[in-house]
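**Student:** Sharing input.tsv, TSV, C-alpha atoms:
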chain	number	residue	atom	x	y	z
A	1	MET	CA	184.79	83.37	96.27
A	2	ARG	CA	187.41	86.08	96.50
A	3	ASP	CA	189.02	84.82	93.28
A	4	ARG	CA	185.74	84.80	91.38
A	5	PRO	CA	185.89	88.44	90.11
A	6	GLY	CA	189.47	87.86	88.91
A	7	PHE	CA	188.46	84.64	87.15
A	8	LEU	CA	185.50	86.33	85.48
A	9	HIS	CA	187.72	89.21	84.39
A	10	MET	CA	190.25	86.77	82.90
A	11	ALA	CA	187.48	84.79	81.16
A	12	ALA	CA	186.06	87.99	79.70
A	13	ASN	CA	189.48	88.93	78.35
A	14	VAL	CA	189.94	85.47	76.78
A	15	LEU	CA	186.52	85.65	75.12
A	16	MET	CA	187.33	89.13	73.84
A	17	VAL	CA	190.60	87.91	72.28
A	18	ILE	CA	188.85	84.92	70.69
A	19	ALA	CA	186.09	87.12	69.30
A	20	PHE	CA	188.64	89.56	67.87
A	21	LEU	CA	190.63	86.68	66.36
A	22	LEU	CA	187.48	85.25	64.74
A	23	LEU	CA	186.73	88.70	63.38
A	24	CYS	CA	190.20	88.86	61.80
A	25	TRP	CA	189.77	85.37	60.28
A	26	THR	CA	186.34	86.31	58.94
A	27	GLY	CA	187.70	89.47	57.38
A	28	THR	CA	190.60	87.52	55.83
A	29	TYR	CA	188.22	84.85	54.47
A	30	MET	CA	186.01	87.43	52.79
A	31	ALA	CA	189.00	89.32	51.38
A	32	THR	CA	190.68	86.18	49.92
A	33	ASN	CA	187.43	84.95	48.40
A	34	ALA	CA	187.00	88.29	46.68
A	35	LEU	CA	190.60	88.07	45.45
A	36	TYR	CA	190.15	84.49	44.16
A	37	THR	CA	187.05	85.57	42.25
A	38	GLU	CA	188.90	88.51	40.77
A	39	ILE	CA	191.87	86.50	39.50
A	40	GLY	CA	189.82	83.43	38.57
A	41	TRP	CA	191.77	80.95	40.71
A	42	GLU	CA	190.38	78.66	43.42
A	43	PRO	CA	193.04	77.02	45.68
A	44	HIS	CA	192.65	73.60	47.31
A	45	GLY	CA	190.55	73.61	50.49
A	46	LEU	CA	193.50	72.87	52.81
A	47	LEU	CA	195.66	75.51	51.13
A	48	ALA	CA	192.85	78.06	51.33
A	49	PHE	CA	192.44	77.25	55.04
A	50	LEU	CA	196.17	77.69	55.73
A	51	ILE	CA	196.27	80.97	53.80
A	52	ASN	CA	193.27	82.30	55.72
A	53	ALA	CA	194.73	81.16	59.06
A	54	VAL	CA	198.16	82.74	58.44
A	55	LEU	CA	196.74	85.97	57.07
A	56	GLY	CA	194.21	86.11	59.92
A	57	PHE	CA	197.01	85.81	62.53
A	58	ILE	CA	199.02	88.47	60.71
A	59	LEU	CA	196.00	90.83	60.66
A	60	PHE	CA	195.38	90.07	64.35
A	61	GLY	CA	199.01	90.90	65.21
A	62	ILE	CA	198.94	94.14	63.24
A	63	ALA	CA	195.70	95.20	64.94
A	64	ILE	CA	197.06	94.41	68.41
A	65	ALA	CA	200.26	96.33	67.63
A	66	ILE	CA	198.18	99.37	66.61
A	67	ILE	CA	195.67	99.45	69.50
A	68	GLY	CA	197.94	97.92	72.13
A	69	PRO	CA	199.38	101.25	73.36
A	70	PHE	CA	195.84	102.47	73.98
A	71	LEU	CA	194.87	99.41	76.02
A	72	ARG	CA	197.70	99.19	78.50
A	73	PRO	CA	196.91	97.54	81.85
A	74	ASP	CA	197.33	100.87	83.67
A	75	ASP	CA	194.83	102.62	81.41
A	76	HIS	CA	192.44	99.68	81.72
A	77	LYS	CA	192.63	100.00	85.48
A	78	LEU	CA	191.99	103.73	85.22
A	79	PHE	CA	188.88	103.18	83.13
A	80	THR	CA	187.66	100.51	85.56
A	81	GLU	CA	188.00	102.92	88.49
A	82	LEU	CA	186.32	105.70	86.54
A	83	ILE	CA	183.35	103.45	85.80
A	84	GLU	CA	183.09	102.43	89.47
A	85	VAL	CA	183.14	106.07	90.56
A	86	MET	CA	180.43	107.01	88.04
A	87	LEU	CA	178.27	104.17	89.34
A	88	ARG	CA	178.73	105.46	92.90
A	89	ILE	CA	177.74	108.96	91.83
A	90	SER	CA	174.65	107.61	90.03
A	91	ARG	CA	173.61	105.97	93.33
A	92	GLY	CA	173.87	109.29	95.16
A	93	ASP	CA	177.30	108.78	96.73
A	94	PHE	CA	179.22	112.01	96.13
A	95	GLN	CA	182.05	111.26	98.56
A	96	VAL	CA	184.42	110.40	95.75
A	97	ASN	CA	187.90	111.60	94.93
A	98	LEU	CA	189.79	110.48	91.85
A	99	ASN	CA	193.05	112.24	92.66
A	100	PRO	CA	194.72	108.89	93.50
A	101	VAL	CA	193.85	107.82	89.95
A	102	LEU	CA	195.92	110.70	88.61
A	103	ASP	CA	198.90	109.39	90.57
A	104	GLN	CA	198.71	106.19	88.50
A	105	MET	CA	199.16	108.08	85.23
A	106	LYS	CA	202.88	107.61	84.93
A	107	GLY	CA	204.52	109.00	81.85
A	108	HIS	CA	201.53	111.22	81.02
A	109	ASP	CA	201.02	114.97	81.16
A	110	ARG	CA	198.16	114.77	83.67
A	111	GLU	CA	196.71	118.18	82.87
A	112	ARG	CA	196.66	117.70	79.09
A	113	HIS	CA	195.98	113.99	78.82
A	114	PRO	CA	192.31	113.24	78.00
A	115	ILE	CA	192.03	110.88	80.98
A	116	GLY	CA	193.46	113.56	83.26
A	117	LYS	CA	190.89	116.05	81.99
A	118	LEU	CA	188.15	113.48	82.45
A	119	VAL	CA	189.26	112.76	86.03
A	120	THR	CA	189.33	116.48	86.86
A	121	SER	CA	185.85	116.95	85.37
A	122	ILE	CA	184.45	114.05	87.38
A	123	ASN	CA	186.03	115.42	90.57
A	124	ASP	CA	184.48	118.85	89.93
A	125	MET	CA	181.11	117.28	89.12
A	126	ALA	CA	181.16	115.25	92.36
A	127	VAL	CA	181.97	118.38	94.40
A	128	ASN	CA	179.16	120.37	92.74
A	129	LEU	CA	176.65	117.55	93.19
A	130	LYS	CA	177.66	117.21	96.83
A	131	GLU	CA	177.09	120.92	97.40
A	132	MET	CA	173.72	120.73	95.65
A	133	GLU	CA	172.72	117.74	97.78
A	134	GLU	CA	173.71	119.58	100.97
A	135	LEU	CA	171.68	122.61	99.85
A	136	ARG	CA	168.72	120.36	99.07
A	137	GLN	CA	168.86	118.71	102.49
A	138	GLU	CA	169.23	122.09	104.20
A	139	PHE	CA	166.30	123.43	102.19
A	140	ILE	CA	164.09	120.48	103.18
A	141	SER	CA	165.13	120.87	106.81
A	142	ASN	CA	164.33	124.59	106.77
A	143	VAL	CA	160.96	124.09	105.09
A	144	SER	CA	160.06	121.34	107.57
A	145	HIS	CA	160.98	123.62	110.46
A	146	GLU	CA	159.09	126.60	109.07
A	147	ILE	CA	155.99	124.49	108.50
A	148	GLY	CA	156.27	122.51	111.72
A	149	SER	CA	156.43	125.51	114.06
A	150	PRO	CA	153.09	127.14	113.10
A	151	LEU	CA	151.40	123.75	112.79
A	152	THR	CA	152.44	122.92	116.36
A	153	SER	CA	150.91	126.20	117.56
A	154	ILE	CA	147.71	125.63	115.58
A	155	ILE	CA	147.30	122.08	116.93
A	156	GLY	CA	148.02	123.17	120.51
A	157	PHE	CA	145.58	126.08	120.54
A	158	ALA	CA	142.92	124.06	118.66
A	159	LYS	CA	143.07	121.40	121.39
A	160	ALA	CA	142.76	124.12	124.02
A	161	LEU	CA	139.67	125.49	122.25
A	162	LYS	CA	138.08	122.03	122.26
A	163	SER	CA	138.43	121.76	126.03
A	164	GLY	CA	135.45	124.06	126.62
A	165	THR	CA	136.99	125.58	129.76
A	166	LEU	CA	138.05	128.88	128.20
A	167	ASP	CA	136.27	132.17	128.59
A	168	GLN	CA	135.34	134.27	125.55
A	169	GLU	CA	138.41	136.53	125.80
A	170	GLU	CA	140.80	133.56	125.84
A	171	ARG	CA	138.96	131.89	122.99
A	172	GLU	CA	139.29	135.02	120.82
A	173	ARG	CA	142.98	135.35	121.69
A	174	TYR	CA	143.63	131.72	120.73
A	175	LEU	CA	141.67	132.13	117.51
A	176	ASP	CA	143.73	135.21	116.65
A	177	ILE	CA	146.92	133.21	117.15
A	178	ILE	CA	145.60	130.38	114.95
A	179	GLU	CA	144.68	132.90	112.25
A	180	THR	CA	148.13	134.51	112.44
A	181	GLU	CA	149.87	131.14	112.09
A	182	CYS	CA	147.65	130.22	109.13
A	183	VAL	CA	148.55	133.50	107.42
A	184	ARG	CA	152.20	132.73	108.09
A	185	LEU	CA	151.83	129.32	106.44
A	186	SER	CA	150.07	130.91	103.50
A	187	LYS	CA	152.91	133.42	103.05
A	188	LEU	CA	155.48	130.63	103.25
A	189	SER	CA	153.63	128.63	100.59
A	190	ASP	CA	153.35	131.70	98.38
A	191	ASN	CA	157.07	132.51	98.72
A	192	LEU	CA	158.07	128.93	97.96
A	193	MET	CA	155.95	129.03	94.81
A	194	LYS	CA	157.56	132.33	93.79
A	195	LEU	CA	161.04	130.88	94.26
A	196	ALA	CA	160.14	127.77	92.28
A	197	VAL	CA	158.89	129.91	89.40
A	198	LEU	CA	161.89	132.25	89.52
A	199	ASP	CA	164.30	129.31	89.60
A	200	SER	CA	162.76	127.77	86.51
A	201	THR	CA	164.39	128.38	83.15
A	202	GLN	CA	161.16	129.90	81.87
A	203	ALA	CA	160.40	132.35	84.67
A	204	PRO	CA	157.55	134.61	83.50
A	205	ALA	CA	158.64	138.19	82.88
A	206	HIS	CA	156.78	140.92	81.03
A	207	PRO	CA	159.17	143.86	80.81
A	208	GLY	CA	157.98	147.30	79.91
A	209	THR	CA	159.24	150.85	80.30
A	210	TYR	CA	157.69	152.78	83.20
A	211	ARG	CA	158.42	155.52	85.72
A	212	LEU	CA	160.29	154.04	88.67
A	213	ASP	CA	159.71	157.07	90.89
A	214	LYS	CA	155.93	156.86	90.42
A	215	GLN	CA	155.97	153.15	91.28
A	216	LEU	CA	157.82	153.76	94.56
A	217	ILE	CA	155.57	156.67	95.52
A	218	ALA	CA	152.48	154.47	95.02
A	219	LEU	CA	153.95	151.61	97.07
A	220	ILE	CA	155.03	153.89	99.92
A	221	LEU	CA	151.50	155.31	100.10
A	222	ALA	CA	150.10	151.76	100.10
A	223	CYS	CA	152.26	151.00	103.16
A	224	GLU	CA	151.19	154.21	104.93
A	225	PRO	CA	148.99	152.50	107.56
A	226	GLN	CA	151.97	150.40	108.66
A	227	TRP	CA	154.52	153.18	109.07
A	228	GLU	CA	152.01	155.60	110.52
A	229	ALA	CA	151.01	153.02	113.15
A	230	LYS	CA	154.62	153.14	114.43
A	231	ASP	CA	154.85	156.92	114.03
A	232	ILE	CA	157.73	156.49	111.56
A	233	GLU	CA	158.98	159.50	109.62
A	234	MET	CA	159.01	158.51	105.93
A	235	ASN	CA	161.20	160.56	103.58
A	236	LEU	CA	161.29	160.19	99.80
A	237	GLU	CA	163.73	161.77	97.37
A	238	ALA	CA	162.95	160.62	93.86
A	239	ASP	CA	164.23	161.80	90.50
A	240	GLU	CA	162.03	161.27	87.46
A	241	LEU	CA	163.49	158.03	86.16
A	242	GLU	CA	162.40	155.31	83.75
A	243	ILE	CA	163.45	151.67	83.73
A	244	THR	CA	162.56	148.72	81.51
A	245	ALA	CA	161.45	145.86	83.75
A	246	ASP	CA	158.54	143.70	84.84
A	247	GLU	CA	156.59	146.15	86.99
A	248	ASP	CA	154.78	143.46	89.00
A	249	LEU	CA	157.98	141.58	89.81
A	250	MET	CA	159.80	144.76	90.80
A	251	SER	CA	156.88	145.67	93.09
A	252	GLN	CA	157.72	142.55	95.10
A	253	VAL	CA	161.29	143.80	95.54
A	254	TRP	CA	160.28	147.27	96.76
A	255	LEU	CA	157.53	145.96	99.04
A	256	ASN	CA	159.93	143.49	100.60
A	257	LEU	CA	162.50	146.20	101.33
A	258	LEU	CA	159.85	148.61	102.63
A	259	HIS	CA	158.24	146.00	104.89
A	260	ASN	CA	161.62	145.02	106.31
A	261	ALA	CA	162.49	148.66	106.96
A	262	ILE	CA	159.16	149.27	108.70
A	263	LYS	CA	159.43	146.07	110.72
A	264	PHE	CA	162.91	146.78	112.08
A	265	THR	CA	162.61	150.55	112.52
A	266	PRO	CA	161.69	151.43	116.11
A	267	ALA	CA	158.60	153.50	116.90
A	268	GLY	CA	159.26	157.15	116.14
A	269	GLY	CA	162.17	156.23	113.84
A	270	ARG	CA	163.03	157.28	110.30
A	271	ILE	CA	163.01	155.61	106.89
A	272	GLY	CA	164.49	157.21	103.81
A	273	VAL	CA	163.89	156.14	100.19
A	274	ALA	CA	166.02	157.68	97.46
A	275	VAL	CA	165.79	157.19	93.69
A	276	ALA	CA	168.53	158.62	91.52
A	277	ARG	CA	170.33	158.04	88.22
A	278	GLU	CA	173.94	156.90	88.42
A	279	GLY	CA	175.33	156.87	84.90
A	280	ASN	CA	173.37	154.27	82.93
A	281	TYR	CA	171.81	152.85	86.08
A	282	ALA	CA	168.89	153.61	88.33
A	283	ALA	CA	169.82	153.38	92.01
A	284	VAL	CA	167.22	152.90	94.74
A	285	ARG	CA	168.25	153.15	98.39
A	286	VAL	CA	166.04	152.17	101.31
A	287	ALA	CA	167.59	153.27	104.61
A	288	ASP	CA	166.32	152.86	108.19
A	289	ASN	CA	167.66	153.70	111.64
A	290	GLY	CA	166.88	150.28	113.09
A	291	PRO	CA	169.20	147.98	115.07
A	292	GLY	CA	171.39	147.22	112.05
A	293	ILE	CA	172.88	143.92	110.90
A	294	ALA	CA	176.10	142.33	112.14
A	295	PRO	CA	178.92	141.96	109.56
A	296	GLU	CA	178.82	138.16	109.71
A	297	ASP	CA	175.08	138.23	109.01
A	298	GLN	CA	175.43	140.63	106.07
A	299	GLU	CA	177.44	137.99	104.21
A	300	ARG	CA	174.50	135.57	104.37
A	301	ILE	CA	171.51	137.91	104.42
A	302	PHE	CA	170.38	136.88	100.91
A	303	GLU	CA	170.55	133.12	101.58
A	304	ARG	CA	167.24	131.31	101.62
A	305	PHE	CA	165.74	130.92	105.11
A	306	TYR	CA	168.62	132.80	106.71
A	307	LYS	CA	167.52	135.10	109.50
A	308	ALA	CA	169.94	137.59	110.98
A	309	ASP	CA	167.66	138.06	113.98
A	310	LYS	CA	165.61	134.90	114.36
A	311	SER	CA	163.49	136.10	117.27
A	312	ARG	CA	162.53	139.41	115.63
A	313	THR	CA	161.94	137.80	112.23
A	314	ARG	CA	159.77	135.09	113.71
A	315	SER	CA	157.71	137.57	115.71
A	316	GLY	CA	157.18	139.49	112.48
A	317	GLY	CA	156.04	136.39	110.64
A	318	GLY	CA	159.02	136.21	108.30
A	319	SER	CA	160.39	133.04	106.76
A	320	GLY	CA	163.78	134.28	105.58
A	321	LEU	CA	162.80	134.06	101.90
A	322	GLY	CA	161.93	137.67	101.09
A	323	LEU	CA	165.45	138.92	100.40
A	324	SER	CA	166.26	135.79	98.39
A	325	ILE	CA	163.25	136.48	96.19
A	326	ALA	CA	164.24	140.15	95.86
A	327	GLN	CA	167.79	139.26	94.85
A	328	LYS	CA	166.55	136.72	92.29
A	329	ILE	CA	164.20	139.23	90.68
A	330	VAL	CA	166.83	141.99	90.58
A	331	GLU	CA	169.42	139.68	89.01
A	332	MET	CA	166.84	138.55	86.43
A	333	HIS	CA	166.70	142.19	85.34
A	334	GLY	CA	170.47	142.50	85.02
A	335	GLY	CA	170.79	144.42	88.28
A	336	SER	CA	172.37	144.03	91.70
A	337	ILE	CA	171.30	144.38	95.33
A	338	ALA	CA	173.61	145.09	98.26
A	339	VAL	CA	173.36	145.78	101.98
A	340	ASP	CA	175.37	148.21	104.08
A	341	SER	CA	174.80	148.20	107.81
A	342	LYS	CA	176.41	148.79	111.19
A	343	PRO	CA	174.94	147.43	114.42
A	344	GLY	CA	173.06	150.20	116.19
A	345	GLU	CA	173.28	152.60	113.25
A	346	GLY	CA	170.65	151.26	110.85
A	347	THR	CA	170.69	149.53	107.47
A	348	VAL	CA	170.78	150.63	103.84
A	349	PHE	CA	169.72	148.37	100.97
A	350	THR	CA	170.83	149.54	97.53
A	351	VAL	CA	169.35	148.23	94.30
A	352	ARG	CA	170.91	149.12	90.95
A	353	LEU	CA	169.09	148.47	87.70
A	354	PRO	CA	169.78	149.42	84.11
A	355	ALA	CA	167.96	152.63	83.39
A	356	ALA	CA	165.86	152.78	80.25
A	357	GLY	CA	168.39	152.49	77.42
A	358	GLY	CA	171.23	151.80	79.88
A	359	GLY	CA	173.65	148.87	80.41
A	360	LYS	CA	173.92	146.18	83.03
A	361	ALA	CA	174.69	146.65	86.72
Can you present the structure in this file as structure tokens?
**Tutor:**
Amino acid sequence: MRDRPGFLHMAANVLMVIAFLLLCWTGTYMATNALYTEIGWEPHGLLAFLINAVLGFILFGIAIAIIGPFLRPDDHKLFTELIEVMLRISRGDFQVNLNPVLDQMKGHDRERHPIGKLVTSINDMAVNLKEMEELRQEFISNVSHEIGSPLTSIIGFAKALKSGTLDQEERERYLDIIETECVRLSKLSDNLMKLAVLDSTQAPAHPGTYRLDKQLIALILACEPQWEAKDIEMNLEADELEITADEDLMSQVWLNLLHNAIKFTPAGGRIGVAVAREGNYAAVRVADNGPGIAPEDQERIFERFYKADKSRTRSGGGSGLGLSIAQKIVEMHGGSIAVDSKPGEGTVFTVRLPAAGGGKA
């Protein structure tokens, strides 16, 4: 059984040679017949057969001599391994590495040879697909966790409510918790839908020119009940500034930054919002005097589902998607978003966008 693949490979090669030889004979037969018709001479059947046979072998030899260098055993082996690797990738196996194949390319300039370029491209593709698969699995794991946690709470408190042994105060408290968890699930679903739309190649955007300072003033006033409830001092310094952007999408960015600032600013703290022109760009800074963000967390703060402070974020109902959505929207508008923070000294988020008639950030 072990020899069967080798036998089949040899049989395939023999059949290929025979087929190619028949093709050469057929071509010779048609060419000689056309020649006989042209010169008006018809040789004897045996002579015609011998002529066709000899010329067919000569044509076969010439063809082999021409294509032989391109079909060397080493190259054939390379192509076989490349095909096997592509089949593995198509089945979802991205743990492939074709570097050993490059070692077999003796006498070739590996970087310039077409096979070398193909091997390098396949290696890069496998690495990228592996990273995408890991991100997909992590995304599914995070979504499952984010959905599972509130569902567990809802199921647990619903069972407690069915017991009939609770007083009215406990029942209302449990119902409030169930409502809070349902709202959390609704926000998660909404954010996932937003990300799906923003990730699509045809993300809806309706840009228009409007006053950025007026937009921020309106949104800060809309959040007034939240920052007043914590007795937070809200300061705004806004230049009159226009940008060309989708106003609704940008509202999501500013609300996300404002809600985060309010959530992490302690009672009696301060939040500052500044809007200013910097060359061709509009810069918006949202600063708070909250607990700050550790340097290692700042590097990942815009990753989906990443939470620098899991306990605080969870208590606030966050899913770790808000900053990812904000970054996606800002980048769609040719801008950038950055964080600057020191533990215990607060956090500053800076968004830069092309001002009306300006360039890219």
**Student:** Give me, please, the distance in Å between CA of Gly156 in chain A and CA of Ser141 in chain A, quoted to one decimal.
**Tutor:**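 These two atoms are separated by 22.0 Å.
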**Student:** CA of Ala276 in chain A to CA of Arg352 in chain A: how many Å, to one decimal?
**Tutor:**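 Going from CA of Ala276 in chain A over to CA of Arg352 in chain A covers 9.8 Å.
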**Student:** Could you check which of A:Met30, A:Ile301, A:Leu59, A:Val127 is closest to Leu321 in chain A, using only C-alpha atoms?
**Tutor:** A:Ile301
**Student:** From the set A:Val143, A:Ala218, A:Arg91, A:Leu175, which residue has the shortest atom-to-atom contact distance to Leu188 in chain A, counting only C-alpha atoms?
**Tutor:** A:Val143
**Student:** CA of Phe349 in chain A and CA of Gly272 in chain A are how many Å apart?
**Tutor:** 10.7 Å
**Student:** Could you check which of A:Ile293, A:Ala238, A:Ile220, A:Met250 is closest to Ser341 in chain A, using only C-alpha atoms?
**Tutor:**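 Checking each of A:Ile293, A:Ala238, A:Ile220, A:Met250 against Ser341 in chain A, counting only C-alpha atoms, the winner is A:Ile293.
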**Student:** Residues within 9 Å of range 279-288 of chain A, please, as a PyMOL selection string. Count all atoms listed in the file; anything in the same chain fewer than 3 positions from it doesn't count.
**Tutor:** chain A and resi 212+238+241-243+254+257-258+261-262+264-265+269-276+291-292+335+345-361
**Student:** Residues within 12 Å of (141.9, 132.8, 123.6), file coordinates, counting all atoms listed in the file: what are they? Give the list as a ChimeraX atom specification.
**Tutor:** /A:156-179
**Student:** Please dump the current selection as a compact mmCIF listing (two decimals), keeping the file's coordinate frame; keep C-alpha atoms.
**Tutor:**
# COMPACT_ATOMS: atom_id res chain seq x y z
CA GLY A 156 148.02 123.17 120.51
CA PHE A 157 145.58 126.08 120.54
CA ALA A 158 142.92 124.06 118.66
CA LYS A 159 143.07 121.40 121.39
CA ALA A 160 142.76 124.12 124.02
CA LEU A 161 139.67 125.49 122.25
CA LYS A 162 138.08 122.03 122.26
CA SER A 163 138.43 121.76 126.03
CA GLY A 164 135.45 124.06 126.62
CA THR A 165 136.99 125.58 129.76
CA LEU A 166 138.05 128.88 128.20
CA ASP A 167 136.27 132.17 128.59
CA GLN A 168 135.34 134.27 125.55
CA GLU A 169 138.41 136.53 125.80
CA GLU A 170 140.80 133.56 125.84
CA ARG A 171 138.96 131.89 122.99
CA GLU A 172 139.29 135.02 120.82
CA ARG A 173 142.98 135.35 121.69
CA TYR A 174 143.63 131.72 120.73
CA LEU A 175 141.67 132.13 117.51
CA ASP A 176 143.73 135.21 116.65
CA ILE A 177 146.92 133.21 117.15
CA ILE A 178 145.60 130.38 114.95
CA GLU A 179 144.68 132.90 112.25
**Student:** Could you list, as a list in words, every residue within 8 Å of Ala326 in chain A, counting all atoms listed in the file and ignoring same-chain residues fewer than 5 positions away?
**Tutor:**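 Listing them by chain and then by number gives Gln252, Val253 and Asn256 of chain A.
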**Student:** Would you mind completing range 206-217 of chain A to N, CA, C and O atoms and writing the output as a compact mmCIF listing (two decimals), in the coordinates of the input?
**Tutor:**
# COMPACT_ATOMS: atom_id res chain seq x y z
N HIS A 206 157.43 140.10 82.05
CA HIS A 206 156.78 140.92 81.03
C HIS A 206 157.33 142.34 81.16
O HIS A 206 156.68 143.23 81.72
N PRO A 207 158.55 142.55 80.65
CA PRO A 207 159.17 143.86 80.81
C PRO A 207 158.48 144.94 80.01
O PRO A 207 157.95 144.71 78.93
N GLY A 208 158.51 146.11 80.59
CA GLY A 208 157.98 147.30 79.91
C GLY A 208 158.65 148.52 80.51
O GLY A 208 159.20 148.48 81.61
N THR A 209 158.62 149.62 79.81
CA THR A 209 159.24 150.85 80.30
C THR A 209 158.22 151.64 81.11
O THR A 209 157.10 151.90 80.65
N TYR A 210 158.61 152.02 82.34
CA TYR A 210 157.69 152.78 83.20
C TYR A 210 158.49 153.67 84.13
O TYR A 210 159.70 153.53 84.29
N ARG A 211 157.79 154.58 84.80
CA ARG A 211 158.42 155.52 85.72
C ARG A 211 158.66 154.85 87.07
O ARG A 211 157.72 154.51 87.80
N LEU A 212 159.93 154.68 87.41
CA LEU A 212 160.29 154.04 88.67
C LEU A 212 159.89 154.89 89.87
O LEU A 212 159.42 154.36 90.89
N ASP A 213 160.06 156.20 89.76
CA ASP A 213 159.71 157.07 90.89
C ASP A 213 158.23 157.01 91.21
O ASP A 213 157.82 156.98 92.38
N LYS A 214 157.38 156.95 90.18
CA LYS A 214 155.93 156.86 90.42
C LYS A 214 155.57 155.53 91.08
O LYS A 214 154.69 155.47 91.95
N GLN A 215 156.24 154.45 90.68
CA GLN A 215 155.97 153.15 91.28
C GLN A 215 156.28 153.17 92.78
O GLN A 215 155.48 152.70 93.60
N LEU A 216 157.43 153.73 93.15
CA LEU A 216 157.82 153.76 94.56
C LEU A 216 156.91 154.66 95.38
O LEU A 216 156.56 154.34 96.53
N ILE A 217 156.51 155.78 94.82
CA ILE A 217 155.57 156.67 95.52
C ILE A 217 154.27 155.93 95.83
O ILE A 217 153.75 155.99 96.95
